[in-house]
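> The structure follows.
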Amino acid sequence: MKSFALIAVIVTGWLLLSAVSDFPDWGDTESPANDYRLSQHYITETFPETSVPNMVTAVLADYRGYDTMFETVVIFVAGIAIMSILRRKPLDHLKDKGKETRTYKKDPDLIIDTTCRLMIPIIQLFALYVVAHGHHSPGGGFQGGVIFGASFILLALSRDLQAAQRWVPEKRVLNLAGVGILIYSGFGFACMLLGSNFLDYEILHKIMPATPIEARSHSMLGVEIGVAFTCTAIMFSIYSNLASNGDMKETL
Amino acid sequence: MDTQRREGGLWQMIWAFDLITLIFLVITAIISLQTKDLLSAAMIFGVYSFLMCLLWAGMAAVDVAFTESAVGAGVSAVFLIATVLRTTRRSSD
């Protein structure tokens with residue numbers, strides 16, 4: 001069986017490597033990906049059409065907004081799936097009665113405690129900057145949300161899970177994850193209510209103090225905030241389920 | 001125009017940088033598959049993600065590099081380590 005797997009890997013690797021020579025050169029302006037008029041349109045028209053300098057975010061959140069909405073849903077579903085597999089009630093009523101009386105507090109360590117106390121606010125501030133500045137510089141809802149969730153994971157690692165759950169209890173996590181997707185689809189449905197297509201942000205200038213072009217930029221920011229909500233919540237939810245073995249009490 | 005850029009100093013530096021990163025990428029990929037200790041495999045997988053992040057940054061895909069460093073090298077390494085500490089540390093095969 002193992003030699004069969006090795007042969008399969010070698011054959012697949014040879015096929016992939018033989019296809020590499022057909023790739024266009026790095027930075028080749030004549031390659032189909034760069035030559036096609038759609039990419040030319042994105043490169044030249046993104047800023048005039050949406051007033052967003054970072055064309056990656058513009059493609060992600062505006063031109064291909066429908067894909068990104070369901071990417072967020074995928075993250076939400078992944079978190080819910082992990083929770084439904086791992087989450088269980090604390091084993092109070094089962095046979096290990098001796099376990100429940102033990103305290104789950106860790107001894108605080110001065111160096112770790114002080115370092116994390118200094119680091120966590122900075123990480124959270126940076127995450128907010130990444131979200132808010134995502135349509136002007138690299139970054140956006142996914143990255144900012146993951147960094148914000150990582151700050152809570154750092155809190156749970158440095159103290160214990162209860163310390164982090166004081167800020168993001170399980171109920172709030174689930175609410176945040178749902179609200180994130182609600183914000184995203186809310187922008188889409190708001191466009192529909194005003195008589196345009198789903199996620200066609202230009203029409204939102206009627207309810208925003210902005211021109212139609214600026215409305216697309218502002219809507220992208222709003223959509224990214226929704227993505228960041230879901231990412232933050234789901235990242236912390238996945239960590240707390242994995243680390244506590246599903247009962248939300250013990251930490252690593 | 002293309003040959004001009006290839007002869008420039010910047011291109012040479014990026015070419016050497018790419019080669020070193022790719023070699024280490026293959027090495028870390030093989031080690032993280034082969035090692036029996038799952039905790040060190042998880043750590044080396046984080047290193048692999050960070051090298052991928054460097055490669056994305058070298059290809060001027062900064063958004064992808066940012067995502068890779070936050071998700072791949074940051075959070076997913078923590079997830080893997082948490083899972084290893086909760087299950088077993090030795091690989092069975």
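Residues are referred to by chain and number: the chain letter is A, B, ... according to the order shown in the structure tokens, the number counts from 1 in that chain, and ligands are numbered separately from 1 in the order shown.
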Tell me as a ChimeraX atom specification which residues belonging to chain A come within 10 Å of chain B, counting only C-alpha atoms.

/A:25-29,54,56-57,134,137-140,142-147,149-150,153-154,157,235-236,238-245,251-252

> Residues within 10 Å of Gly195 of chain A, please, as a PDB file with N, CA and C atoms, in the first residue's frame. Count only C-alpha atoms; anything in the same chain fewer than 6 positions from it doesn't count.


ATOM      1  N   PHE A 189     -28.899  43.276   1.492  1.00  0.00           N
ATOM      2  CA  PHE A 189     -30.350  43.444   1.414  1.00  0.00           C
ATOM      3  C   PHE A 189     -30.745  44.910   1.421  1.00  0.00           C
ATOM      4  N   ILE A 203     -25.971  52.199  -4.693  1.00  0.00           N
ATOM      5  CA  ILE A 203     -27.278  52.757  -4.382  1.00  0.00           C
ATOM      6  C   ILE A 203     -27.340  53.264  -2.938  1.00  0.00           C
ATOM      7  N   LEU A 204     -26.397  52.806  -2.090  1.00  0.00           N
ATOM      8  CA  LEU A 204     -26.457  53.151  -0.670  1.00  0.00           C
ATOM      9  C   LEU A 204     -26.157  54.624  -0.423  1.00  0.00           C
TER      10      LEU A 204
END

> Within 6 Å of segment 19-25 of chain B, counting only C-alpha atoms, which residues qualify if same-chain residues fewer than 3 places away don't, as a ChimeraX atom specification?

/B:16,28,48

> Counting only C-alpha atoms, which residue out of A:Thr230, A:Gly246, A:Val168, A:Val9 sits closest to Met83 of chain A?

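Smallest separation from Met83 of chain A among the options: A:Gly246.
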
> For atom CA of His133 of chain A and atom CA of Glu224 of chain A, determine how far apart the two atoms are, in Å to one decimal place.

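Rounded to one decimal, the two atoms are 10.0 Å apart.
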
> How far is it from atom CA of Ala8 of chain A to atom CA of Ile31 of chain B, in Å with one decimal?

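It comes out at 20.3 Å.
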
> Would you mind listing what lies within 9 Å of Phe187 of chain A as a list in words, with only C-alpha atoms counted and same-chain residues fewer than 6 positions away left out?

Phe198, Leu199, Asp200, Tyr201, Leu204, Ser219, Gly222 and Val223 of chain A

> Those residues you just picked out, can you put them in a file as a compact mmCIF listing (two decimals), in the first residue's frame with C-alpha atoms?


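Output file part-v1.txt is given in full below:
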# COMPACT_ATOMS: atom_id res chain seq x y z
CA PHE A 198 -27.75 42.42 -4.10
CA LEU A 199 -24.45 43.88 -2.77
CA ASP A 200 -24.47 46.68 -5.36
CA TYR A 201 -23.27 49.31 -2.92
CA LEU A 204 -26.46 53.15 -0.67
CA SER A 219 -19.85 49.93 2.37
CA GLY A 222 -18.87 48.06 6.82
CA VAL A 223 -18.71 44.68 5.16

> Give me, as a count of residues only, the residues of chain B that a backbone DSSP run labels alpha helix (DSSP H).

70
